[in-house]
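I have placed the structure first, in the form of structure tokens, so that the comments after it can refer back to it.
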Amino acid sequence: MNNVQSLLTSLSQIKPRELDIPSDSRKALRRLLDVAEYNLEICRTALDRVLMMCNKAPQQTILVDYCGGAGVLSFLAKMSGFGRVIYVDSSPDAVKTVHELSRRLDVAPDVVIEGGSEMLARWCRDKNIVPDALVSVDVIQQVYVLDELFADIHSMAPRIKMVFTTISNPFNKKTVRRLHKAMDRNEKGHGLTKGYRQMRRDYIHKIHSDMPDRLLDFWADNTRGLKYDDVARAIEAQAPNLLLDPHNTCDPATGLWTDRVMPVDDYSQLLQPYGWRLLVLPGRCNVHCHGPKAWIRRRRNKRIDRAPMGEPDGMGERRRMRRALKVAPFIYLIIE
């Protein structure tokens with residue numbers, strides 16, 4: 001039995017209701033377990049890619065599982081023989097989930113860090129550890145300030161190899177439309193849930209109680225994509241946050257973006273100061289289902305599988321890559 005099947009078998013025996021974790025974490029874990037086989041395939045592909053880039057045996061590789069959530073990638077990495085696996089997540093609930101699952105699965109990351117990229121970089125410097133690779137599954141589109149993330153990673157390991165996955169695939173028009181609807185719903189609010197724009201307006205009114213309604217509306221509109229502290233600084237500096245994208249928005253209380261859609265060139269520009277290069281590859285569809293949906297996804301995977309696994313060379317490979325990216329449900333951001 002290979003590592004994916006072994007971990008899948010162990011995960012199938014997990015009952016989230018029996019774990020001593022918050023209810024929201026149970027719901028998130030239940031959703032993950034519902035598509036565990038697909039998630040493990042994604043993790044396996046990412047791990048294989050970093051090993052190929054590092055050109056090292058697994059036991060010689062120090063891996064960071066960044067914003068690891070329930071820790072599935074960490075568990076698979078340890079079962080695959082990675083020498084040291086450092087799990088990092090800023091959520092106390094996620095950290096508690098990892099500890100609970102580690103006890104149930106009898107496998108665990110070597111290090112568990114509660115915090116973000118700054119905490120990770122500080123820990124690595126203090127311990128004199130230089131990670132070889134970093135993998136982050138479906139998180140990068142929510143990170144508030146990517147410049148800070150990449151700066152922290154470069155400070156601890158300038159030659160690190162990275163694989164990020166993101167559902168925010170700018171090439172897939174259907175995906176982009178769906179994400180834009182989610183962004184607009186969060187910005188405007190829905191049902192009894194207050195929208196991000198109203199949250200910003202209420203905050204601005206709180207710190208500037210004498211501001212006229214016209215200006216309140218202006219600043220509520222033109223601080224989209226900012227956390228509360230940055231909203232206050234923008235008003236103080238009279239510097240509106242004029243986002244080019246009419247949909248991207250973040251929770252002003254946490255800074256988490258609603259699956260921000262970014263052009264690939266924007267990622268490349270952020271990486272350029274560190275000398276890192278970006279390769280974008282299409283992710284495969286989930287075919288672990290039945291009926292017409294599975295048939296359609298298998299057809300899409302045939303198109304995705306025709307794409308080159310490296311930098312396209314020649315018109316034919318570039319054409320196949322474009323076709324694959326247009327139907328891919330997510331993309332891999334390969335950075336080295």
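Letters for chains follow the order of the structure tokens (A, B, ...), residue numbers begin at 1 for each chain, and ligand numbers begin at 1 in the order shown.
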
Where does DSSP see helix (DSSP H, G or I) in range 185-296 of chain A, if you list the residues as a VMD selection string? chain A and resid 185 to 188 196 to 207 213 to 221 228 to 237 264 to 274 292 to 296

Let me see the file: selected residues, C-alpha atoms, as a PDB file, in the first residue's frame.
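Written file, selection.pdb:
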```pdb
ATOM      1  CA  ARG A 185     -21.451  39.192  -1.864  1.00  0.00           C
ATOM      2  CA  ASN A 186     -18.931  39.661   0.952  1.00  0.00           C
ATOM      3  CA  GLU A 187     -18.399  43.311   0.047  1.00  0.00           C
ATOM      4  CA  LYS A 188     -22.108  44.129  -0.039  1.00  0.00           C
ATOM      5  CA  TYR A 196     -17.076  44.503   4.312  1.00  0.00           C
ATOM      6  CA  ARG A 197     -17.939  47.951   2.913  1.00  0.00           C
ATOM      7  CA  GLN A 198     -20.348  48.635   5.752  1.00  0.00           C
ATOM      8  CA  MET A 199     -17.793  47.326   8.249  1.00  0.00           C
ATOM      9  CA  ARG A 200     -15.251  49.829   6.929  1.00  0.00           C
ATOM     10  CA  ARG A 201     -17.823  52.639   6.948  1.00  0.00           C
ATOM     11  CA  ASP A 202     -18.809  51.902  10.553  1.00  0.00           C
ATOM     12  CA  TYR A 203     -15.145  51.839  11.582  1.00  0.00           C
ATOM     13  CA  ILE A 204     -14.425  55.152   9.825  1.00  0.00           C
ATOM     14  CA  HIS A 205     -17.468  56.734  11.479  1.00  0.00           C
ATOM     15  CA  LYS A 206     -16.218  55.467  14.848  1.00  0.00           C
ATOM     16  CA  ILE A 207     -12.796  57.112  14.510  1.00  0.00           C
ATOM     17  CA  ASP A 213     -21.830  61.098   4.978  1.00  0.00           C
ATOM     18  CA  ARG A 214     -20.415  61.962   1.563  1.00  0.00           C
ATOM     19  CA  LEU A 215     -16.847  61.511   2.800  1.00  0.00           C
ATOM     20  CA  LEU A 216     -17.782  58.421   4.786  1.00  0.00           C
ATOM     21  CA  ASP A 217     -19.049  56.843   1.581  1.00  0.00           C
ATOM     22  CA  PHE A 218     -15.944  57.934  -0.330  1.00  0.00           C
ATOM     23  CA  TRP A 219     -13.533  56.435   2.169  1.00  0.00           C
ATOM     24  CA  ALA A 220     -15.611  53.280   2.639  1.00  0.00           C
ATOM     25  CA  ASP A 221     -15.398  52.732  -1.125  1.00  0.00           C
ATOM     26  CA  TYR A 228      -8.814  48.543   9.977  1.00  0.00           C
ATOM     27  CA  ASP A 229      -5.402  49.909  11.004  1.00  0.00           C
ATOM     28  CA  ASP A 230      -4.477  50.522   7.380  1.00  0.00           C
ATOM     29  CA  VAL A 231      -7.858  52.146   6.750  1.00  0.00           C
ATOM     30  CA  ALA A 232      -7.054  54.666   9.482  1.00  0.00           C
ATOM     31  CA  ARG A 233      -3.583  55.284   8.042  1.00  0.00           C
ATOM     32  CA  ALA A 234      -4.957  55.755   4.529  1.00  0.00           C
ATOM     33  CA  ILE A 235      -7.392  58.429   5.737  1.00  0.00           C
ATOM     34  CA  GLU A 236      -4.691  60.127   7.796  1.00  0.00           C
ATOM     35  CA  ALA A 237      -2.401  60.251   4.750  1.00  0.00           C
ATOM     36  CA  VAL A 264       0.358  35.815 -13.037  1.00  0.00           C
ATOM     37  CA  ASP A 265       2.538  38.798 -13.975  1.00  0.00           C
ATOM     38  CA  ASP A 266       1.753  40.347 -10.579  1.00  0.00           C
ATOM     39  CA  TYR A 267       3.196  37.283  -8.835  1.00  0.00           C
ATOM     40  CA  SER A 268       6.299  37.443 -11.042  1.00  0.00           C
ATOM     41  CA  GLN A 269       6.870  41.107 -10.192  1.00  0.00           C
ATOM     42  CA  LEU A 270       6.665  40.357  -6.465  1.00  0.00           C
ATOM     43  CA  LEU A 271       9.242  37.553  -6.838  1.00  0.00           C
ATOM     44  CA  GLN A 272      11.663  39.452  -9.072  1.00  0.00           C
ATOM     45  CA  PRO A 273      13.524  41.354  -6.290  1.00  0.00           C
ATOM     46  CA  TYR A 274      14.537  38.017  -4.737  1.00  0.00           C
ATOM     47  CA  PRO A 292     -21.944  13.030 -15.893  1.00  0.00           C
ATOM     48  CA  LYS A 293     -19.810  15.247 -13.658  1.00  0.00           C
ATOM     49  CA  ALA A 294     -17.069  12.590 -13.512  1.00  0.00           C
ATOM     50  CA  TRP A 295     -17.212  12.114 -17.300  1.00  0.00           C
ATOM     51  CA  ILE A 296     -16.842  15.848 -17.950  1.00  0.00           C
TER      52      ILE A 296
END
```

Per residue of range 143-262 of chain A within 7 Å of range 110-122 of chain A, note the shortest atom pair and the distance in Å to one decimal, counting only C-alpha atoms, and order the rows by chain and increasing residue number, as a Markdown table.
```
| residue | atom | partner | partner_atom | distance |
| --- | --- | --- | --- | --- |
| A:Leu149 | CA | A:Ser117 | CA | 5.9 |
| A:Asp152 | CA | A:Glu118 | CA | 5.8 |
| A:Ile153 | CA | A:Ala121 | CA | 6.5 |
| A:Ser155 | CA | A:Ala121 | CA | 6.9 |
| A:Met156 | CA | A:Ala121 | CA | 5.3 |
```

Dump as a PDB file, in the first residue's frame, selection limited to all heavy atoms:
```
ATOM      1  N   LEU A 149       5.192  38.260   3.064  1.00  0.00           N
ATOM      2  CA  LEU A 149       5.375  36.807   3.063  1.00  0.00           C
ATOM      3  C   LEU A 149       6.667  36.425   2.361  1.00  0.00           C
ATOM      4  O   LEU A 149       7.492  35.682   2.903  1.00  0.00           O
ATOM      5  CB  LEU A 149       4.182  36.135   2.372  1.00  0.00           C
ATOM      6  CG  LEU A 149       4.331  34.637   2.085  1.00  0.00           C
ATOM      7  CD1 LEU A 149       4.423  33.842   3.377  1.00  0.00           C
ATOM      8  CD2 LEU A 149       3.188  34.129   1.221  1.00  0.00           C
ATOM      9  N   ASP A 152       9.860  37.530   4.284  1.00  0.00           N
ATOM     10  CA  ASP A 152      10.148  36.667   5.431  1.00  0.00           C
ATOM     11  C   ASP A 152      10.746  35.337   4.979  1.00  0.00           C
ATOM     12  O   ASP A 152      11.714  34.845   5.584  1.00  0.00           O
ATOM     13  CB  ASP A 152       8.867  36.403   6.243  1.00  0.00           C
ATOM     14  CG  ASP A 152       8.394  37.629   6.998  1.00  0.00           C
ATOM     15  OD1 ASP A 152       9.229  38.501   7.309  1.00  0.00           O
ATOM     16  OD2 ASP A 152       7.181  37.714   7.293  1.00  0.00           O
ATOM     17  N   ILE A 153      10.188  34.758   3.922  1.00  0.00           N
ATOM     18  CA  ILE A 153      10.704  33.476   3.429  1.00  0.00           C
ATOM     19  C   ILE A 153      12.132  33.649   2.920  1.00  0.00           C
ATOM     20  O   ILE A 153      13.014  32.825   3.206  1.00  0.00           O
ATOM     21  CB  ILE A 153       9.790  32.924   2.317  1.00  0.00           C
ATOM     22  CG1 ILE A 153       8.429  32.544   2.892  1.00  0.00           C
ATOM     23  CG2 ILE A 153      10.428  31.705   1.651  1.00  0.00           C
ATOM     24  CD1 ILE A 153       7.399  32.144   1.846  1.00  0.00           C
ATOM     25  N   SER A 155      14.320  35.817   3.860  1.00  0.00           N
ATOM     26  CA  SER A 155      15.248  36.096   4.962  1.00  0.00           C
ATOM     27  C   SER A 155      15.711  34.815   5.657  1.00  0.00           C
ATOM     28  O   SER A 155      16.800  34.781   6.220  1.00  0.00           O
ATOM     29  CB  SER A 155      14.584  37.023   5.991  1.00  0.00           C
ATOM     30  OG  SER A 155      13.567  36.345   6.718  1.00  0.00           O
ATOM     31  N   MET A 156      14.905  33.766   5.615  1.00  0.00           N
ATOM     32  CA  MET A 156      15.283  32.519   6.300  1.00  0.00           C
ATOM     33  C   MET A 156      15.919  31.512   5.339  1.00  0.00           C
ATOM     34  O   MET A 156      16.705  30.662   5.763  1.00  0.00           O
ATOM     35  CB  MET A 156      14.061  31.879   6.966  1.00  0.00           C
ATOM     36  CG  MET A 156      13.057  31.281   6.029  1.00  0.00           C
ATOM     37  SD  MET A 156      11.689  30.472   6.875  1.00  0.00           S
ATOM     38  CE  MET A 156      10.809  29.777   5.458  1.00  0.00           C
TER      39      MET A 156
END
```

Using only C-alpha atoms, which residues sit within 10 Å of Leu19 in chain A once same-chain residues fewer than 4 positions away are excluded, as a PyMOL selection string? chain A and resi 14-15+23+25-26+96-97+100-101+104

Range 4-8 of chain A surroundings by only C-alpha atoms, 10 Å radius, close-in-sequence under 6 positions cut, as a list in words: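 With the cut-off at 10 Å, the set is Leu33, Ala36, Glu37, Asn39, Leu40, Glu41, Cys43, Arg44, Val72, Phe75, Leu76, Ala77, Met79, Ser80, Leu105 and Val107 of chain A.
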
Which residues are near Asp132 in chain A? Cut-off 8 Å, only C-alpha atoms, ignore same chain within fewer than 2 positions. Put them as a ChimeraX atom specification. /A:54,61-63,130,134,157,159-161

In Å, rounded to a single decimal, give me how far CA of Tyr144 in chain A is from CA of Met211 in chain A.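 Between these atoms lies a distance of 27.7 Å.
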
Which residues, written as a short mmCIF file (atom, residue, chain, number, x, y, z; two decimals) with N, CA, C and O atoms, in the first residue's frame, have at least one atom at most 9 Å from Ile42 in chain A, with only C-alpha atoms counted and residues fewer than 5 positions away on the same chain left out?
```
data_model
loop_
_atom_site.label_atom_id
_atom_site.label_comp_id
_atom_site.auth_asym_id
_atom_site.auth_seq_id
_atom_site.Cartn_x
_atom_site.Cartn_y
_atom_site.Cartn_z
N GLU A 37 -9.33 11.94 -0.85
CA GLU A 37 -8.50 11.32 -1.89
C GLU A 37 -7.97 12.37 -2.87
O GLU A 37 -6.80 12.34 -3.26
N LEU A 47 4.49 17.56 -3.26
CA LEU A 47 5.68 17.00 -2.63
C LEU A 47 6.65 16.43 -3.67
O LEU A 47 7.87 16.60 -3.55
N VAL A 137 -0.95 24.88 0.49
CA VAL A 137 -2.10 24.44 -0.30
C VAL A 137 -3.28 25.40 -0.13
O VAL A 137 -3.82 25.53 0.97
N THR A 165 -0.44 26.19 -4.18
CA THR A 165 -1.60 25.94 -5.02
C THR A 165 -2.63 27.02 -4.72
O THR A 165 -2.68 27.55 -3.61
N GLY A 283 -3.68 22.44 -12.40
CA GLY A 283 -4.05 21.34 -11.51
C GLY A 283 -5.16 20.52 -12.13
O GLY A 283 -5.96 21.01 -12.92
N ARG A 284 -5.23 19.24 -11.75
CA ARG A 284 -6.22 18.33 -12.33
C ARG A 284 -7.57 18.44 -11.62
O ARG A 284 -7.65 18.85 -10.47
#
```

Give me, as a PDB file with all heavy atoms, in the first residue's frame, all polymer residues having an atom no more than 10 Å from Ala307 in chain A, counting only C-alpha atoms and skipping those fewer than 2 positions away in the same chain.
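File produced: part.pdb:
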```pdb
ATOM      1  N   LEU A 281       1.569  25.902 -13.477  1.00  0.00           N
ATOM      2  CA  LEU A 281       1.110  24.642 -14.046  1.00  0.00           C
ATOM      3  C   LEU A 281      -0.358  24.411 -13.680  1.00  0.00           C
ATOM      4  O   LEU A 281      -0.804  24.832 -12.608  1.00  0.00           O
ATOM      5  CB  LEU A 281       1.954  23.472 -13.528  1.00  0.00           C
ATOM      6  CG  LEU A 281       3.438  23.473 -13.907  1.00  0.00           C
ATOM      7  CD1 LEU A 281       4.129  22.265 -13.291  1.00  0.00           C
ATOM      8  CD2 LEU A 281       3.609  23.468 -15.422  1.00  0.00           C
ATOM      9  N   PRO A 282      -1.112  23.734 -14.539  1.00  0.00           N
ATOM     10  CA  PRO A 282      -2.525  23.473 -14.252  1.00  0.00           C
ATOM     11  C   PRO A 282      -2.700  22.314 -13.279  1.00  0.00           C
ATOM     12  O   PRO A 282      -1.958  21.325 -13.319  1.00  0.00           O
ATOM     13  CB  PRO A 282      -3.093  23.125 -15.633  1.00  0.00           C
ATOM     14  CG  PRO A 282      -1.927  22.517 -16.370  1.00  0.00           C
ATOM     15  CD  PRO A 282      -0.704  23.239 -15.877  1.00  0.00           C
ATOM     16  N   LYS A 302      -7.908  15.100 -19.516  1.00  0.00           N
ATOM     17  CA  LYS A 302      -7.142  14.708 -20.694  1.00  0.00           C
ATOM     18  C   LYS A 302      -6.484  15.930 -21.327  1.00  0.00           C
ATOM     19  O   LYS A 302      -5.331  15.874 -21.774  1.00  0.00           O
ATOM     20  CB  LYS A 302      -8.057  14.016 -21.706  1.00  0.00           C
ATOM     21  CG  LYS A 302      -8.481  12.613 -21.303  1.00  0.00           C
ATOM     22  CD  LYS A 302      -9.349  11.976 -22.379  1.00  0.00           C
ATOM     23  CE  LYS A 302      -9.768  10.562 -21.965  1.00  0.00           C
ATOM     24  NZ  LYS A 302     -10.632   9.922 -22.995  1.00  0.00           N
ATOM     25  N   ARG A 303      -7.220  17.036 -21.360  1.00  0.00           N
ATOM     26  CA  ARG A 303      -6.650  18.275 -21.904  1.00  0.00           C
ATOM     27  C   ARG A 303      -5.548  18.801 -20.984  1.00  0.00           C
ATOM     28  O   ARG A 303      -4.505  19.264 -21.461  1.00  0.00           O
ATOM     29  CB  ARG A 303      -7.751  19.329 -22.062  1.00  0.00           C
ATOM     30  CG  ARG A 303      -7.266  20.636 -22.669  1.00  0.00           C
ATOM     31  CD  ARG A 303      -8.373  21.654 -22.798  1.00  0.00           C
ATOM     32  NE  ARG A 303      -9.405  21.244 -23.737  1.00  0.00           N
ATOM     33  CZ  ARG A 303     -10.439  21.989 -24.081  1.00  0.00           C
ATOM     34  NH1 ARG A 303     -10.583  23.204 -23.546  1.00  0.00           N
ATOM     35  NH2 ARG A 303     -11.325  21.558 -24.937  1.00  0.00           N
ATOM     36  N   ILE A 304      -5.775  18.712 -19.672  1.00  0.00           N
ATOM     37  CA  ILE A 304      -4.784  19.190 -18.699  1.00  0.00           C
ATOM     38  C   ILE A 304      -3.511  18.353 -18.781  1.00  0.00           C
ATOM     39  O   ILE A 304      -2.394  18.880 -18.716  1.00  0.00           O
ATOM     40  CB  ILE A 304      -5.379  19.157 -17.276  1.00  0.00           C
ATOM     41  CG1 ILE A 304      -6.480  20.222 -17.149  1.00  0.00           C
ATOM     42  CG2 ILE A 304      -4.304  19.363 -16.213  1.00  0.00           C
ATOM     43  CD1 ILE A 304      -7.343  20.084 -15.918  1.00  0.00           C
ATOM     44  N   ASP A 305      -3.667  17.047 -18.954  1.00  0.00           N
ATOM     45  CA  ASP A 305      -2.510  16.150 -18.996  1.00  0.00           C
ATOM     46  C   ASP A 305      -1.659  16.342 -20.244  1.00  0.00           C
ATOM     47  O   ASP A 305      -0.508  15.883 -20.289  1.00  0.00           O
ATOM     48  CB  ASP A 305      -2.958  14.687 -18.905  1.00  0.00           C
ATOM     49  CG  ASP A 305      -3.532  14.351 -17.534  1.00  0.00           C
ATOM     50  OD1 ASP A 305      -3.252  15.091 -16.574  1.00  0.00           O
ATOM     51  OD2 ASP A 305      -4.269  13.341 -17.424  1.00  0.00           O
ATOM     52  N   MET A 309       5.019  19.658 -18.418  1.00  0.00           N
ATOM     53  CA  MET A 309       5.227  19.714 -16.962  1.00  0.00           C
ATOM     54  C   MET A 309       6.325  20.696 -16.578  1.00  0.00           C
ATOM     55  O   MET A 309       6.680  20.815 -15.411  1.00  0.00           O
ATOM     56  CB  MET A 309       5.566  18.315 -16.424  1.00  0.00           C
ATOM     57  CG  MET A 309       4.411  17.340 -16.531  1.00  0.00           C
ATOM     58  SD  MET A 309       2.891  17.974 -15.767  1.00  0.00           S
ATOM     59  CE  MET A 309       3.394  18.043 -14.053  1.00  0.00           C
ATOM     60  N   GLY A 310       6.865  21.389 -17.565  1.00  0.00           N
ATOM     61  CA  GLY A 310       7.877  22.411 -17.316  1.00  0.00           C
ATOM     62  C   GLY A 310       7.566  23.645 -18.142  1.00  0.00           C
ATOM     63  O   GLY A 310       6.446  23.823 -18.624  1.00  0.00           O
ATOM     64  N   GLU A 311       8.559  24.491 -18.317  1.00  0.00           N
ATOM     65  CA  GLU A 311       8.375  25.706 -19.116  1.00  0.00           C
ATOM     66  C   GLU A 311       8.050  25.326 -20.558  1.00  0.00           C
ATOM     67  O   GLU A 311       8.775  24.530 -21.171  1.00  0.00           O
ATOM     68  CB  GLU A 311       9.657  26.541 -19.079  1.00  0.00           C
ATOM     69  CG  GLU A 311       9.479  27.960 -19.577  1.00  0.00           C
ATOM     70  CD  GLU A 311       8.651  28.799 -18.618  1.00  0.00           C
ATOM     71  OE1 GLU A 311       8.851  28.685 -17.399  1.00  0.00           O
ATOM     72  OE2 GLU A 311       7.805  29.568 -19.126  1.00  0.00           O
ATOM     73  N   PRO A 312       6.941  25.834 -21.121  1.00  0.00           N
ATOM     74  CA  PRO A 312       6.583  25.478 -22.501  1.00  0.00           C
ATOM     75  C   PRO A 312       7.682  25.854 -23.481  1.00  0.00           C
ATOM     76  O   PRO A 312       8.263  26.928 -23.390  1.00  0.00           O
ATOM     77  CB  PRO A 312       5.311  26.304 -22.759  1.00  0.00           C
ATOM     78  CG  PRO A 312       4.769  26.623 -21.403  1.00  0.00           C
ATOM     79  CD  PRO A 312       5.966  26.749 -20.509  1.00  0.00           C
ATOM     80  N   GLY A 316       3.574  24.843 -30.070  1.00  0.00           N
ATOM     81  CA  GLY A 316       2.673  23.745 -29.755  1.00  0.00           C
ATOM     82  C   GLY A 316       2.509  23.548 -28.254  1.00  0.00           C
ATOM     83  O   GLY A 316       1.385  23.401 -27.767  1.00  0.00           O
ATOM     84  N   GLU A 317       3.610  23.561 -27.524  1.00  0.00           N
ATOM     85  CA  GLU A 317       3.535  23.393 -26.072  1.00  0.00           C
ATOM     86  C   GLU A 317       2.851  24.583 -25.410  1.00  0.00           C
ATOM     87  O   GLU A 317       2.083  24.412 -24.459  1.00  0.00           O
ATOM     88  CB  GLU A 317       4.939  23.196 -25.482  1.00  0.00           C
ATOM     89  CG  GLU A 317       5.521  21.824 -25.763  1.00  0.00           C
ATOM     90  CD  GLU A 317       6.728  21.531 -24.890  1.00  0.00           C
ATOM     91  OE1 GLU A 317       7.169  22.454 -24.154  1.00  0.00           O
ATOM     92  OE2 GLU A 317       7.238  20.393 -24.929  1.00  0.00           O
ATOM     93  N   ARG A 318       3.102  25.784 -25.906  1.00  0.00           N
ATOM     94  CA  ARG A 318       2.452  26.965 -25.329  1.00  0.00           C
ATOM     95  C   ARG A 318       0.933  26.910 -25.548  1.00  0.00           C
ATOM     96  O   ARG A 318       0.152  27.285 -24.676  1.00  0.00           O
ATOM     97  CB  ARG A 318       3.045  28.247 -25.920  1.00  0.00           C
ATOM     98  CG  ARG A 318       4.426  28.580 -25.367  1.00  0.00           C
ATOM     99  CD  ARG A 318       4.810  30.005 -25.698  1.00  0.00           C
ATOM    100  NE  ARG A 318       5.085  30.168 -27.114  1.00  0.00           N
ATOM    101  CZ  ARG A 318       6.290  29.980 -27.676  1.00  0.00           C
ATOM    102  NH1 ARG A 318       7.319  29.612 -26.916  1.00  0.00           N
ATOM    103  NH2 ARG A 318       6.456  30.167 -28.974  1.00  0.00           N
ATOM    104  N   ARG A 319       0.540  26.427 -26.728  1.00  0.00           N
ATOM    105  CA  ARG A 319      -0.894  26.313 -27.027  1.00  0.00           C
ATOM    106  C   ARG A 319      -1.543  25.284 -26.093  1.00  0.00           C
ATOM    107  O   ARG A 319      -2.632  25.522 -25.562  1.00  0.00           O
ATOM    108  CB  ARG A 319      -1.091  25.912 -28.485  1.00  0.00           C
ATOM    109  CG  ARG A 319      -2.555  25.959 -28.934  1.00  0.00           C
ATOM    110  CD  ARG A 319      -2.704  25.535 -30.383  1.00  0.00           C
ATOM    111  NE  ARG A 319      -1.960  26.428 -31.276  1.00  0.00           N
ATOM    112  CZ  ARG A 319      -0.936  26.050 -32.026  1.00  0.00           C
ATOM    113  NH1 ARG A 319      -0.496  24.796 -31.964  1.00  0.00           N
ATOM    114  NH2 ARG A 319      -0.324  26.913 -32.806  1.00  0.00           N
ATOM    115  N   ARG A 320      -0.885  24.146 -25.896  1.00  0.00           N
ATOM    116  CA  ARG A 320      -1.441  23.121 -25.007  1.00  0.00           C
ATOM    117  C   ARG A 320      -1.510  23.616 -23.570  1.00  0.00           C
ATOM    118  O   ARG A 320      -2.457  23.310 -22.843  1.00  0.00           O
ATOM    119  CB  ARG A 320      -0.607  21.836 -25.096  1.00  0.00           C
ATOM    120  CG  ARG A 320      -0.749  21.108 -26.413  1.00  0.00           C
ATOM    121  CD  ARG A 320      -0.237  19.688 -26.329  1.00  0.00           C
ATOM    122  NE  ARG A 320       1.199  19.629 -26.060  1.00  0.00           N
ATOM    123  CZ  ARG A 320       2.135  19.660 -27.013  1.00  0.00           C
ATOM    124  NH1 ARG A 320       1.778  19.769 -28.294  1.00  0.00           N
ATOM    125  NH2 ARG A 320       3.418  19.591 -26.707  1.00  0.00           N
ATOM    126  N   MET A 321      -0.530  24.415 -23.161  1.00  0.00           N
ATOM    127  CA  MET A 321      -0.532  24.961 -21.806  1.00  0.00           C
ATOM    128  C   MET A 321      -1.702  25.934 -21.625  1.00  0.00           C
ATOM    129  O   MET A 321      -2.413  25.886 -20.611  1.00  0.00           O
ATOM    130  CB  MET A 321       0.793  25.668 -21.512  1.00  0.00           C
ATOM    131  CG  MET A 321       0.859  26.294 -20.116  1.00  0.00           C
ATOM    132  SD  MET A 321       0.838  25.061 -18.786  1.00  0.00           S
ATOM    133  CE  MET A 321       2.585  24.600 -18.768  1.00  0.00           C
ATOM    134  N   ARG A 322      -1.934  26.793 -22.606  1.00  0.00           N
ATOM    135  CA  ARG A 322      -3.047  27.748 -22.504  1.00  0.00           C
ATOM    136  C   ARG A 322      -4.386  27.021 -22.411  1.00  0.00           C
ATOM    137  O   ARG A 322      -5.250  27.391 -21.613  1.00  0.00           O
ATOM    138  CB  ARG A 322      -3.034  28.694 -23.718  1.00  0.00           C
ATOM    139  CG  ARG A 322      -1.960  29.773 -23.670  1.00  0.00           C
ATOM    140  CD  ARG A 322      -2.248  30.874 -24.669  1.00  0.00           C
ATOM    141  NE  ARG A 322      -2.256  30.383 -26.041  1.00  0.00           N
ATOM    142  CZ  ARG A 322      -1.185  30.339 -26.826  1.00  0.00           C
ATOM    143  NH1 ARG A 322      -0.019  30.755 -26.378  1.00  0.00           N
ATOM    144  NH2 ARG A 322      -1.276  29.887 -28.065  1.00  0.00           N
ATOM    145  N   ARG A 323      -4.554  26.003 -23.232  1.00  0.00           N
ATOM    146  CA  ARG A 323      -5.801  25.241 -23.212  1.00  0.00           C
ATOM    147  C   ARG A 323      -6.004  24.561 -21.854  1.00  0.00           C
ATOM    148  O   ARG A 323      -7.119  24.516 -21.335  1.00  0.00           O
ATOM    149  CB  ARG A 323      -5.791  24.202 -24.328  1.00  0.00           C
ATOM    150  CG  ARG A 323      -5.925  24.797 -25.726  1.00  0.00           C
ATOM    151  CD  ARG A 323      -5.744  23.725 -26.779  1.00  0.00           C
ATOM    152  NE  ARG A 323      -5.924  24.266 -28.134  1.00  0.00           N
ATOM    153  CZ  ARG A 323      -5.633  23.594 -29.248  1.00  0.00           C
ATOM    154  NH1 ARG A 323      -5.157  22.354 -29.163  1.00  0.00           N
ATOM    155  NH2 ARG A 323      -5.830  24.142 -30.426  1.00  0.00           N
ATOM    156  N   ALA A 324      -4.930  24.022 -21.306  1.00  0.00           N
ATOM    157  CA  ALA A 324      -5.025  23.340 -20.017  1.00  0.00           C
ATOM    158  C   ALA A 324      -5.363  24.313 -18.893  1.00  0.00           C
ATOM    159  O   ALA A 324      -6.213  24.034 -18.042  1.00  0.00           O
ATOM    160  CB  ALA A 324      -3.716  22.615 -19.716  1.00  0.00           C
ATOM    161  N   LEU A 325      -4.710  25.457 -18.885  1.00  0.00           N
ATOM    162  CA  LEU A 325      -4.943  26.441 -17.825  1.00  0.00           C
ATOM    163  C   LEU A 325      -6.373  26.973 -17.858  1.00  0.00           C
ATOM    164  O   LEU A 325      -6.947  27.304 -16.818  1.00  0.00           O
ATOM    165  CB  LEU A 325      -3.949  27.597 -17.959  1.00  0.00           C
ATOM    166  CG  LEU A 325      -2.495  27.267 -17.609  1.00  0.00           C
ATOM    167  CD1 LEU A 325      -1.579  28.417 -18.006  1.00  0.00           C
ATOM    168  CD2 LEU A 325      -2.342  26.966 -16.133  1.00  0.00           C
TER     169      LEU A 325
END
```

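Using only C-alpha atoms for every distance, the candidate list A:Leu11, A:Ala151, A:Ile167, A:Met183 yields A:Ala151 as the residue closest to Gly275 in chain A.
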